[in-house]
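For reference, coords.tsv (TSV, C-alpha atoms and all ligand atoms):
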chain	number	residue	atom	x	y	z
A	1	MET	CA	43.82	132.52	99.62
A	2	SER	CA	44.45	129.16	101.16
A	3	ALA	CA	47.78	127.42	100.38
A	4	THR	CA	47.40	123.95	98.91
A	5	ILE	CA	49.98	121.43	100.08
A	6	ALA	CA	50.32	117.97	98.53
A	7	VAL	CA	51.30	115.45	101.22
A	8	LEU	CA	53.24	112.29	100.33
A	9	PRO	CA	53.88	110.32	103.53
A	10	GLY	CA	55.65	107.35	101.88
A	11	ASP	CA	57.04	104.32	103.69
A	12	TYR	CA	58.41	102.99	107.02
A	13	ILE	CA	59.13	106.07	109.21
A	14	GLY	CA	57.68	108.32	106.48
A	15	PRO	CA	54.11	108.40	107.85
A	16	GLU	CA	55.42	108.74	111.45
A	17	ILE	CA	57.45	111.88	110.78
A	18	MET	CA	54.85	113.29	108.37
A	19	GLN	CA	52.27	113.09	111.15
A	20	ALA	CA	54.69	114.99	113.40
A	21	GLY	CA	55.38	117.66	110.79
A	22	LEU	CA	51.69	118.21	110.10
A	23	ALA	CA	50.79	118.41	113.80
A	24	VAL	CA	53.41	121.11	114.32
A	25	LEU	CA	52.24	122.95	111.19
A	26	LYS	CA	48.66	122.89	112.49
A	27	ALA	CA	49.65	124.39	115.85
A	28	ALA	CA	51.84	127.12	114.33
A	29	ALA	CA	49.26	127.94	111.64
A	30	ALA	CA	46.56	128.35	114.28
A	31	ALA	CA	48.83	130.68	116.26
A	32	THR	CA	49.63	132.87	113.25
A	33	ASN	CA	46.51	132.62	111.05
A	34	PHE	CA	48.25	130.75	108.26
A	35	ASP	CA	45.53	129.34	106.02
A	36	TYR	CA	46.23	126.07	104.20
A	37	GLN	CA	44.69	122.85	102.97
A	38	LEU	CA	46.29	119.42	102.73
A	39	LYS	CA	45.77	116.80	100.04
A	40	ALA	CA	47.39	113.40	100.68
A	41	TYR	CA	48.48	111.05	97.89
A	42	PRO	CA	50.04	107.56	97.81
A	43	PHE	CA	53.69	107.54	96.76
A	44	GLY	CA	56.62	105.13	96.78
A	45	GLY	CA	56.15	101.66	98.24
A	46	ALA	CA	52.73	102.54	99.65
A	47	ALA	CA	51.63	103.46	96.12
A	48	ILE	CA	53.07	100.23	94.67
A	49	ASP	CA	50.95	98.31	97.19
A	50	ALA	CA	47.85	100.35	96.39
A	51	THR	CA	48.15	100.74	92.61
A	52	GLY	CA	51.18	98.81	91.31
A	53	GLU	CA	53.03	102.08	90.50
A	54	PRO	CA	55.39	104.11	92.72
A	55	LEU	CA	54.17	107.37	91.16
A	56	PRO	CA	50.50	106.99	90.19
A	57	ALA	CA	49.16	109.55	87.69
A	58	THR	CA	46.78	110.98	90.34
A	59	THR	CA	49.71	111.61	92.68
A	60	LEU	CA	51.72	113.40	90.00
A	61	LYS	CA	48.68	115.45	88.97
A	62	GLY	CA	47.97	116.40	92.59
A	63	ALA	CA	51.60	117.38	93.13
A	64	GLN	CA	51.65	119.49	89.95
A	65	ALA	CA	48.48	121.30	91.00
A	66	ALA	CA	49.67	122.08	94.55
A	67	ASP	CA	51.46	125.22	95.74
A	68	ALA	CA	54.06	123.08	97.50
A	69	ILE	CA	54.74	119.41	98.13
A	70	LEU	CA	55.73	117.78	101.42
A	71	LEU	CA	57.36	114.36	101.11
A	72	ALA	CA	58.56	112.26	104.04
A	73	ALA	CA	60.56	109.27	102.71
A	74	ILE	CA	60.10	106.21	100.55
A	75	GLY	CA	61.63	102.78	99.99
A	76	GLY	CA	62.71	99.85	102.10
A	77	PRO	CA	63.30	96.09	102.08
A	78	LYS	CA	59.63	95.26	101.49
A	79	TRP	CA	60.06	96.30	97.85
A	80	ASP	CA	63.67	95.20	97.26
A	81	HIS	CA	62.54	92.46	94.86
A	82	ALA	CA	59.43	94.14	93.45
A	83	THR	CA	59.23	94.70	89.69
A	84	GLN	CA	59.22	98.44	90.36
A	85	ARG	CA	61.12	100.02	93.25
A	86	PRO	CA	59.82	103.00	95.26
A	87	GLU	CA	63.03	104.91	94.42
A	88	ALA	CA	61.96	104.92	90.75
A	89	GLY	CA	58.97	107.02	91.82
A	90	LEU	CA	61.25	109.50	93.58
A	91	LEU	CA	63.47	109.98	90.54
A	92	ALA	CA	60.36	110.22	88.33
A	93	ILE	CA	58.61	112.92	90.38
A	94	ARG	CA	61.82	115.00	90.52
A	95	LYS	CA	62.19	114.73	86.75
A	96	ALA	CA	58.49	115.29	85.95
A	97	LEU	CA	58.35	118.45	88.05
A	98	GLY	CA	61.72	119.67	86.74
A	99	LEU	CA	63.14	119.95	90.28
A	100	PHE	CA	66.74	120.43	89.19
A	101	ALA	CA	68.03	122.31	92.24
A	102	ASN	CA	68.18	120.50	95.57
A	103	ILE	CA	69.10	122.76	98.48
A	104	ARG	CA	70.44	120.93	101.55
A	105	PRO	CA	71.43	123.09	104.53
A	106	THR	CA	74.07	122.03	107.07
A	107	GLN	CA	73.82	124.14	110.18
A	108	VAL	CA	75.00	123.23	113.65
A	109	LEU	CA	72.42	124.64	116.08
A	110	PRO	CA	73.94	125.92	119.34
A	111	ALA	CA	71.99	123.38	121.41
A	112	LEU	CA	73.37	120.56	119.26
A	113	VAL	CA	77.10	121.42	119.34
A	114	PRO	CA	77.72	118.88	122.16
A	115	ARG	CA	75.86	116.24	120.11
A	116	SER	CA	78.13	116.52	117.08
A	117	PRO	CA	80.74	113.79	116.73
A	118	LEU	CA	83.26	116.61	116.20
A	119	LYS	CA	82.10	118.49	119.32
A	120	ASP	CA	84.86	121.09	119.35
A	121	ASN	CA	84.86	124.70	118.26
A	122	ILE	CA	85.43	123.84	114.60
A	123	VAL	CA	81.77	122.84	114.61
A	124	SER	CA	80.32	125.96	116.15
A	125	GLY	CA	79.61	128.41	113.37
A	126	THR	CA	79.26	125.64	110.80
A	127	ASP	CA	76.59	126.86	108.41
A	128	PHE	CA	76.74	125.85	104.77
A	129	VAL	CA	74.38	124.73	102.05
A	130	ILE	CA	74.86	121.98	99.50
A	131	VAL	CA	73.27	122.84	96.16
A	132	ARG	CA	72.88	119.46	94.48
A	133	GLU	CA	71.93	119.00	90.82
A	134	LEU	CA	68.91	116.69	91.04
A	135	THR	CA	67.51	115.75	87.64
A	136	SER	CA	70.52	114.63	85.62
A	137	GLY	CA	73.87	112.88	85.96
A	138	ILE	CA	74.41	109.21	86.65
A	139	TYR	CA	70.97	108.59	88.22
A	140	PHE	CA	69.34	109.43	84.89
A	141	GLY	CA	71.92	108.83	82.14
A	142	GLU	CA	71.47	106.26	79.37
A	143	PRO	CA	72.56	103.62	78.56
A	144	ARG	CA	71.89	101.80	81.77
A	145	GLU	CA	72.19	98.06	81.79
A	146	LEU	CA	72.36	95.22	84.26
A	147	ALA	CA	73.57	91.90	82.87
A	148	ALA	CA	75.06	88.84	84.51
A	149	ASP	CA	78.62	89.65	83.45
A	150	HIS	CA	78.59	93.45	83.33
A	151	ALA	CA	76.63	96.53	84.28
A	152	ILE	CA	76.56	100.04	82.86
A	153	ASP	CA	75.58	103.41	84.29
A	154	THR	CA	76.18	106.60	82.37
A	155	MET	CA	76.99	110.07	83.62
A	156	VAL	CA	75.71	112.67	81.14
A	157	TYR	CA	75.42	116.42	81.66
A	158	GLN	CA	74.21	119.00	79.17
A	159	ALA	CA	75.95	122.39	79.44
A	160	SER	CA	72.56	124.02	80.06
A	161	GLU	CA	71.91	121.73	83.04
A	162	ILE	CA	75.27	122.61	84.56
A	163	GLU	CA	74.83	126.32	83.99
A	164	ARG	CA	71.39	126.55	85.62
A	165	ILE	CA	72.45	124.74	88.81
A	166	LEU	CA	75.61	126.85	89.03
A	167	ARG	CA	73.53	130.02	88.68
A	168	ALA	CA	71.14	128.78	91.41
A	169	GLY	CA	74.14	128.27	93.70
A	170	PHE	CA	75.75	131.64	92.94
A	171	GLU	CA	72.42	133.41	93.49
A	172	LEU	CA	72.10	131.69	96.85
A	173	ALA	CA	75.66	132.63	97.80
A	174	GLN	CA	74.80	136.29	97.19
A	175	THR	CA	72.16	136.05	99.93
A	176	ARG	CA	74.68	134.43	102.31
A	177	ARG	CA	78.45	134.88	102.75
A	178	ASN	CA	79.34	135.24	99.05
A	179	HIS	CA	81.49	132.14	98.83
A	180	VAL	CA	81.04	129.18	96.46
A	181	THR	CA	82.92	125.88	96.39
A	182	VAL	CA	82.46	123.87	93.20
A	183	VAL	CA	82.95	120.18	93.97
A	184	ASP	CA	83.82	117.79	91.15
A	185	LYS	CA	86.28	115.14	89.99
A	186	ALA	CA	87.80	117.16	87.17
A	187	ASN	CA	91.08	115.27	87.39
A	188	VAL	CA	89.28	112.23	85.93
A	189	LEU	CA	85.73	112.84	84.69
A	190	ALA	CA	84.81	114.61	81.43
A	191	THR	CA	81.55	115.83	82.95
A	192	SER	CA	83.53	117.47	85.76
A	193	LYS	CA	85.87	119.16	83.30
A	194	LEU	CA	82.83	120.72	81.63
A	195	TRP	CA	81.53	121.78	85.08
A	196	ARG	CA	84.79	123.66	85.75
A	197	GLN	CA	84.73	125.43	82.37
A	198	ILE	CA	81.15	126.56	82.83
A	199	ALA	CA	81.75	127.49	86.47
A	200	ALA	CA	84.53	129.86	85.41
A	201	GLN	CA	82.17	131.57	82.91
A	202	VAL	CA	79.27	131.81	85.38
A	203	ALA	CA	81.57	133.10	88.15
A	204	SER	CA	82.47	136.13	86.02
A	205	ASP	CA	78.82	137.25	86.29
A	206	TYR	CA	79.06	137.24	90.11
A	207	PRO	CA	82.12	139.37	90.90
A	208	THR	CA	81.21	139.69	94.60
A	209	VAL	CA	81.29	135.91	95.06
A	210	THR	CA	84.62	134.19	95.74
A	211	VAL	CA	84.99	130.73	94.20
A	212	ASP	CA	87.14	127.75	94.96
A	213	TYR	CA	87.27	124.30	93.41
A	214	GLU	CA	87.69	121.04	95.30
A	215	TYR	CA	87.87	117.44	94.12
A	216	VAL	CA	85.11	115.43	95.76
A	217	ASP	CA	87.46	113.17	97.73
A	218	ALA	CA	89.28	116.12	99.25
A	219	ALA	CA	85.98	117.93	99.86
A	220	ALA	CA	84.71	114.89	101.79
A	221	MET	CA	87.71	115.24	104.07
A	222	LYS	CA	87.45	119.02	104.44
A	223	ILE	CA	83.77	118.82	105.44
A	224	ILE	CA	84.95	116.94	108.54
A	225	GLN	CA	88.23	118.75	109.07
A	226	GLN	CA	87.21	122.34	108.42
A	227	PRO	CA	83.41	122.61	108.02
A	228	THR	CA	83.39	126.36	108.68
A	229	HIS	CA	85.31	126.85	105.41
A	230	PHE	CA	82.15	126.29	103.38
A	231	ASP	CA	79.27	128.62	102.54
A	232	VAL	CA	77.66	127.20	99.36
A	233	ILE	CA	78.83	123.92	97.83
A	234	ILE	CA	77.60	123.33	94.27
A	235	THR	CA	77.90	119.82	92.93
A	236	GLU	CA	76.40	117.16	90.68
A	237	ASN	CA	73.74	114.65	91.64
A	238	LEU	CA	75.70	111.66	92.96
A	239	PHE	CA	78.36	113.70	94.78
A	240	GLY	CA	75.66	115.87	96.38
A	241	ASP	CA	73.73	112.82	97.53
A	242	ILE	CA	76.77	111.39	99.29
A	243	LEU	CA	78.28	114.59	100.68
A	244	SER	CA	74.96	115.77	102.14
A	245	ASP	CA	74.56	112.64	104.29
A	246	GLU	CA	78.15	113.12	105.46
A	247	ALA	CA	77.56	116.80	106.20
A	248	ALA	CA	74.31	116.03	108.03
A	249	THR	CA	76.18	113.84	110.46
A	250	ILE	CA	78.35	116.68	111.78
A	251	THR	CA	75.22	118.61	112.76
A	252	GLY	CA	74.39	115.87	115.26
A	253	SER	CA	72.12	113.64	113.20
A	254	LEU	CA	70.95	112.86	109.70
A	255	GLY	CA	67.49	112.90	111.28
A	256	THR	CA	67.34	116.70	111.54
A	257	ILE	CA	68.15	117.88	108.00
A	258	PRO	CA	65.50	119.13	105.55
A	259	SER	CA	65.76	119.98	101.88
A	260	GLU	CA	64.02	121.94	99.17
A	261	SER	CA	63.95	120.80	95.55
A	262	ARG	CA	62.99	123.53	93.13
A	263	GLY	CA	62.51	123.95	89.41
A	264	ILE	CA	62.20	126.89	87.07
A	265	SER	CA	58.48	127.20	87.80
A	266	GLY	CA	55.83	125.18	89.60
A	267	PRO	CA	55.74	123.91	93.16
A	268	SER	CA	58.87	123.12	95.17
A	269	LEU	CA	59.13	119.80	96.99
A	270	TYR	CA	60.29	119.73	100.61
A	271	GLU	CA	61.65	116.55	102.16
A	272	PRO	CA	64.12	115.23	104.72
A	273	ILE	CA	67.41	114.26	103.13
A	274	HIS	CA	67.35	110.82	104.73
A	275	GLY	CA	65.49	107.69	103.67
A	276	SER	CA	62.71	105.67	105.24
A	277	ALA	CA	64.88	104.25	108.07
A	278	PRO	CA	63.34	100.76	108.10
A	279	ASP	CA	65.61	99.81	111.02
A	280	ILE	CA	63.73	102.09	113.43
A	281	ALA	CA	60.24	102.19	111.88
A	282	GLY	CA	57.51	101.53	114.44
A	283	THR	CA	59.84	101.99	117.44
A	284	GLY	CA	59.08	105.66	118.17
A	285	LYS	CA	62.77	106.49	117.66
A	286	ALA	CA	62.40	108.48	114.42
A	287	ASP	CA	63.59	112.06	114.81
A	288	PRO	CA	60.75	114.29	113.55
A	289	LEU	CA	63.04	117.33	113.14
A	290	SER	CA	63.96	116.60	109.51
A	291	MET	CA	60.25	116.77	108.61
A	292	ILE	CA	59.51	119.72	110.89
A	293	ASN	CA	62.50	121.60	109.46
A	294	SER	CA	61.18	120.78	105.97
A	295	VAL	CA	57.87	122.39	106.97
A	296	ILE	CA	59.80	125.49	108.11
A	297	LEU	CA	61.62	125.69	104.75
A	298	MET	CA	58.32	125.33	102.90
A	299	LEU	CA	56.69	128.10	104.92
A	300	ARG	CA	59.62	130.45	104.29
A	301	ASN	CA	60.37	129.72	100.63
A	302	SER	CA	57.01	128.80	99.07
A	303	PHE	CA	54.63	130.87	101.20
A	304	GLN	CA	56.74	133.70	102.65
A	305	ALA	CA	55.00	132.82	105.95
A	306	GLN	CA	57.91	134.01	108.07
A	307	ALA	CA	55.92	134.44	111.29
A	308	THR	CA	54.62	130.87	111.13
A	309	ALA	CA	58.08	129.54	110.29
A	310	ASP	CA	59.71	131.56	113.09
A	311	LYS	CA	57.14	130.25	115.55
A	312	ILE	CA	58.17	126.66	114.76
A	313	ALA	CA	61.91	127.43	114.61
A	314	HIS	CA	61.86	129.10	118.05
A	315	ALA	CA	59.84	126.20	119.50
A	316	VAL	CA	62.35	123.68	118.10
A	317	ALA	CA	65.32	125.65	119.50
A	318	ALA	CA	63.66	125.93	122.93
A	319	THR	CA	62.81	122.22	122.98
A	320	LEU	CA	66.39	121.24	122.11
A	321	ALA	CA	67.80	123.74	124.61
A	322	ALA	CA	65.66	122.02	127.27
A	323	GLY	CA	67.47	118.77	126.41
A	324	ILE	CA	64.43	117.14	124.82
A	325	MET	CA	65.65	115.10	121.84
A	326	THR	CA	65.31	111.69	120.22
A	327	PRO	CA	67.89	108.85	120.55
A	328	ASP	CA	69.77	109.77	117.35
A	329	LEU	CA	70.85	112.92	119.24
A	330	GLY	CA	71.51	111.04	122.46
A	331	GLY	CA	68.14	111.82	124.06
A	332	THR	CA	65.26	109.66	125.28
A	333	ALA	CA	62.28	111.43	123.70
A	334	THR	CA	60.04	109.54	121.28
A	335	THR	CA	58.84	110.90	117.96
A	336	GLU	CA	55.54	111.64	119.63
A	337	SER	CA	56.86	113.19	122.87
A	338	MET	CA	59.34	115.37	120.95
A	339	THR	CA	56.52	116.58	118.70
A	340	SER	CA	54.27	117.27	121.70
A	341	ALA	CA	57.06	119.23	123.40
A	342	ILE	CA	57.48	121.42	120.31
A	343	ILE	CA	53.72	121.99	120.08
A	344	GLU	CA	53.66	122.83	123.78
A	345	GLN	CA	56.36	125.47	123.18
A	346	ILE	CA	54.31	126.94	120.33
A	347	LYS	CA	51.23	127.14	122.57
A	348	THR	CA	53.12	128.49	125.58
A	349	LYS	CA	54.70	131.26	123.54
A	350	GLU	CA	51.28	132.01	122.05
A	351	ALA	CA	49.72	132.31	125.51
A	352	MET	CA	52.53	134.66	126.57
A	353	SER	CA	52.37	136.90	123.49
B	1	LIG	N1	64.20	110.68	99.70
B	1	LIG	C1	63.95	109.43	100.05
B	1	LIG	O1	62.81	109.06	100.23
B	1	LIG	C2	65.10	108.51	100.27
B	1	LIG	C3	64.86	107.16	100.31
B	1	LIG	N2	65.87	106.30	100.58
B	1	LIG	C4	65.49	104.90	100.73
B	1	LIG	O2	65.28	104.63	102.13
B	1	LIG	C5	65.51	103.25	102.39
B	1	LIG	C6	66.42	103.09	103.59
B	1	LIG	O3	67.70	103.58	103.24
B	1	LIG	P1	68.96	103.64	104.23
B	1	LIG	O4	70.17	103.41	103.41
B	1	LIG	O5	68.72	102.78	105.41
B	1	LIG	O6	69.07	105.18	104.65
B	1	LIG	P2	68.22	106.02	105.70
B	1	LIG	O7	68.55	107.43	105.46
B	1	LIG	O8	66.79	105.62	105.69
B	1	LIG	O9	68.84	105.58	107.13
B	1	LIG	C7	70.23	105.68	107.43
B	1	LIG	C8	70.41	105.66	108.95
B	1	LIG	O10	69.94	106.90	109.49
B	1	LIG	C9	68.93	106.67	110.46
B	1	LIG	N3	67.88	107.69	110.28
B	1	LIG	C10	67.39	108.17	109.12
B	1	LIG	N4	66.41	109.06	109.36
B	1	LIG	C11	66.29	109.15	110.70
B	1	LIG	C12	65.45	109.92	111.56
B	1	LIG	N5	64.53	110.79	111.11
B	1	LIG	N6	65.61	109.74	112.90
B	1	LIG	C13	66.53	108.93	113.38
B	1	LIG	N7	67.36	108.18	112.63
B	1	LIG	C14	67.24	108.30	111.28
B	1	LIG	C15	68.36	105.28	110.14
B	1	LIG	O11	67.79	104.71	111.30
B	1	LIG	C16	69.61	104.56	109.63
B	1	LIG	O12	70.35	104.04	110.71
B	1	LIG	C17	66.10	102.68	101.08
B	1	LIG	O13	65.08	102.01	100.38
B	1	LIG	C18	66.57	103.91	100.32
B	1	LIG	O14	66.59	103.72	98.92
B	1	LIG	C19	67.14	106.74	100.86
B	1	LIG	C20	67.43	108.08	100.82
B	1	LIG	C21	66.46	109.06	100.46
B	2	LIG	C1	66.85	107.38	95.40
B	2	LIG	C2	67.98	108.22	95.97
B	2	LIG	C3	68.65	109.01	94.91
B	2	LIG	C4	67.44	109.10	97.05
B	2	LIG	C5	68.50	109.75	97.88
B	2	LIG	O1	69.37	109.12	98.47
B	2	LIG	C6	68.46	111.19	98.03
B	2	LIG	O2	67.80	111.90	97.29
B	2	LIG	O3	69.17	111.69	98.91
B	3	MG	MG	70.61	110.35	99.75

Mind turning this structure into C-alpha cells?
Amino acid sequence: MSATIAVLPGDYIGPEIMQAGLAVLKAAAAATNFDYQLKAYPFGGAAIDATGEPLPATTLKGAQAADAILLAAIGGPKWDHATQRPEAGLLAIRKALGLFANIRPTQVLPALVPRSPLKDNIVSGTDFVIVRELTSGIYFGEPRELAADHAIDTMVYQASEIERILRAGFELAQTRRNHVTVVDKANVLATSKLWRQIAAQVASDYPTVTVDYEYVDAAAMKIIQQPTHFDVIITENLFGDILSDEAATITGSLGTIPSESRGISGPSLYEPIHGSAPDIAGTGKADPLSMINSVILMLRNSFQAQATADKIAHAVAATLAAGIMTPDLGGTATTESMTSAIIEQIKTKEAMS
C-alpha cells in the first residue's frame, strides 16, 4: 500500500528546502521501490495569504488523514503585524494532532567535526537526543494577556502530561545508551518541582536507565562544555525549544537538524528544528539537510523503510565527505547544487549496486 504524506511547505526558505527534501525522497524511493503519494496543503503565512487562517480546516483534515506529515518552516516579518501569526498555526496543529513528544537529535557527523565551533575531540562522539514536551507549558498556558502596562504568560503542567513525556524519553533511552538527564528549574519553578517528583517515580520503572538532574542554566553550559555527557535529555516545552537550537549549533549548523513530533496515535510530523530563515530566503543559501534529514527520520520511524532511509543517509555522508556543503557549514554549494549532489550519490550507488 502506498504511504500518504501530507506536505506543508510554509514560508520563506520553507518551500526551497521542501523541494530539496522531496527531490531526494523521489530519487531514493525510485532506487528502493518505496511507494508513496504526496498531498500538499497551505500552512502558516502562506495559508494566511490564501485563506486568512494559518491552519485552514482542509490542511488539518489532510494532515490527520495522512500516514505522516512533512513540514518545512513557517513565519517571518511579512506577518509580524497580521491579526493572526503563522506561529499560531504551528502551535494549533501540534495541539490538534496531540503531538506531545518532540524528538530532536544532536549528532556530530564525522565529516562535520571540523565545522563545529568547538572543533576539538569533545565534539567527536557527541550523540544525544532532546525529548521536548510540545503541547503544554508556557506556550499554551492560560491566562495569557498583553496590556500596555503588563503582560502575563502562564506555565501549567498536568502530572499526566509530565509522566507521558518522561516515559517517552525513558523508552528512547532504553534503545540508546540508557542514560537520561532531566532538565528543569526546580530550584525556582513549581512546575519543575513536580517534574522532579514524577521523574523519580517513572525512573523506578526503568532500572537499567541511569538518571541525572540538571538545572536548565547549568545544562546550557554543559551542552557546550561536555556534550558527550548526554544521551537523552528530557525537558519541558520552552527549555527544549531553546536548548535544541543551542545543541544544533555544536553539530556545525542549525540548518542540518531534523525533528519528529509524535502523539499517542495518528501521524507523526517531521520538520527541521529551525524557522523560516527570512534573512537568506531566495538567496540559494538555505541548507537542505534539515529537511532531508527529516525525510530520513520519517522513512525510518513512520514507514520502517530502512533501505530507503539508508540510501539517503549514505548519500548525505558521502556528499559531506566530498566537501560539498552550504555556506552555513563553510561551503559554497547552493541549496540546489547540494541537493543535486546528494541525488547524484543516490544514483551512482544505485548504478554500482
Ligand atoms: N517550526 C517552525 O516553523 C519555526 C518557525 N520559526 C519562525 O521562523 C521565523 C524566523 O525566525 P528566526 O528567529 O530568524 O529563526 P530561524 O531558525 O529561521 O533562523 C535563525 C538563523 O539560522 C539560519 N538558518 C535557519 N535555517 C537554516 C538553514 N536551513 N540553512 C542555513 N541557515 C539557516 C537563519 O539564516 C538565521 O540566521 C520567525 O517567524 C519564527 O517565529 C522559528 C522556529 C521554528
Ligand atoms: C513557534 C515556536 C514555538 C516554534 C519553535 O521555535 C520551535 O518549535 O522550535
Ligand atoms: Mg525553536

For Gly44 (chain A), which of A:Met325, A:Ile296, A:Ile162, A:Ala82 is the closest residue, counting only C-alpha atoms?
->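 The shortest atom-to-atom distance to Gly44 (chain A) comes from A:Ala82.
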
Return the single residue from A:Ser204, A:Asn178, A:Ser294, A:Thr308 that is closest to Asn33 (chain A), with distances computed using all atoms listed in the file.
->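 Of all the options, A:Thr308 lies closest to Asn33 (chain A).
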
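Proximity ranking of A:Thr335, A:Thr135, A:Ser124, A:Thr235 relative to ligand LIG 2 (chain B) places A:Thr135 first, based on only C-alpha atoms and all ligand atoms.
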
Please write out the residues within 6 Å of ligand LIG 2 (chain B) as number ranges by chain, counting only C-alpha atoms and all ligand atoms.
-> A: 87, 241, 273

Rank nothing, just name the residue among A:Leu97, A:Ala27, A:Leu269, A:Ala286 nearest to ligand LIG 1 (chain B), using only C-alpha atoms and all ligand atoms.
->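 For ligand LIG 1 (chain B), the nearest of the given residues is A:Ala286.
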
Please fill the gaps in region 174-187 of chain A so it has N, CA and C atoms, and write that as a CSV table (one decimal), keeping the file's coordinate frame.
chain,number,residue,atom,x,y,z
A,174,GLN,N,75.0,134.8,97.1
A,174,GLN,CA,74.8,136.3,97.2
A,174,GLN,C,73.9,136.7,98.4
A,175,THR,N,73.0,135.7,98.8
A,175,THR,CA,72.2,136.0,99.9
A,175,THR,C,72.8,135.6,101.2
A,176,ARG,N,74.0,135.0,101.1
A,176,ARG,CA,74.7,134.4,102.3
A,176,ARG,C,76.0,135.1,102.5
A,177,ARG,N,77.1,134.3,102.5
A,177,ARG,CA,78.4,134.9,102.8
A,177,ARG,C,79.3,135.0,101.5
A,178,ASN,N,78.7,135.0,100.3
A,178,ASN,CA,79.3,135.2,99.0
A,178,ASN,C,80.5,134.3,98.8
A,179,HIS,N,80.4,133.1,99.1
A,179,HIS,CA,81.5,132.1,98.8
A,179,HIS,C,80.9,130.8,98.2
A,180,VAL,N,81.5,130.4,97.1
A,180,VAL,CA,81.0,129.2,96.5
A,180,VAL,C,82.2,128.2,96.4
A,181,THR,N,81.9,126.9,96.7
A,181,THR,CA,82.9,125.9,96.4
A,181,THR,C,82.3,124.9,95.4
A,182,VAL,N,82.9,124.8,94.2
A,182,VAL,CA,82.5,123.9,93.2
A,182,VAL,C,83.2,122.5,93.4
A,183,VAL,N,82.4,121.5,93.7
A,183,VAL,CA,83.0,120.2,94.0
A,183,VAL,C,82.8,119.2,92.8
A,184,ASP,N,83.9,118.6,92.4
A,184,ASP,CA,83.8,117.8,91.2
A,184,ASP,C,84.9,116.7,91.2
A,185,LYS,N,85.2,116.1,90.1
A,185,LYS,CA,86.3,115.1,90.0
A,185,LYS,C,86.9,115.4,88.6
A,186,ALA,N,87.3,116.7,88.5
A,186,ALA,CA,87.8,117.2,87.2
A,186,ALA,C,89.2,116.6,86.8
A,187,ASN,N,89.8,115.9,87.7
A,187,ASN,CA,91.1,115.3,87.4
A,187,ASN,C,90.9,114.0,86.6
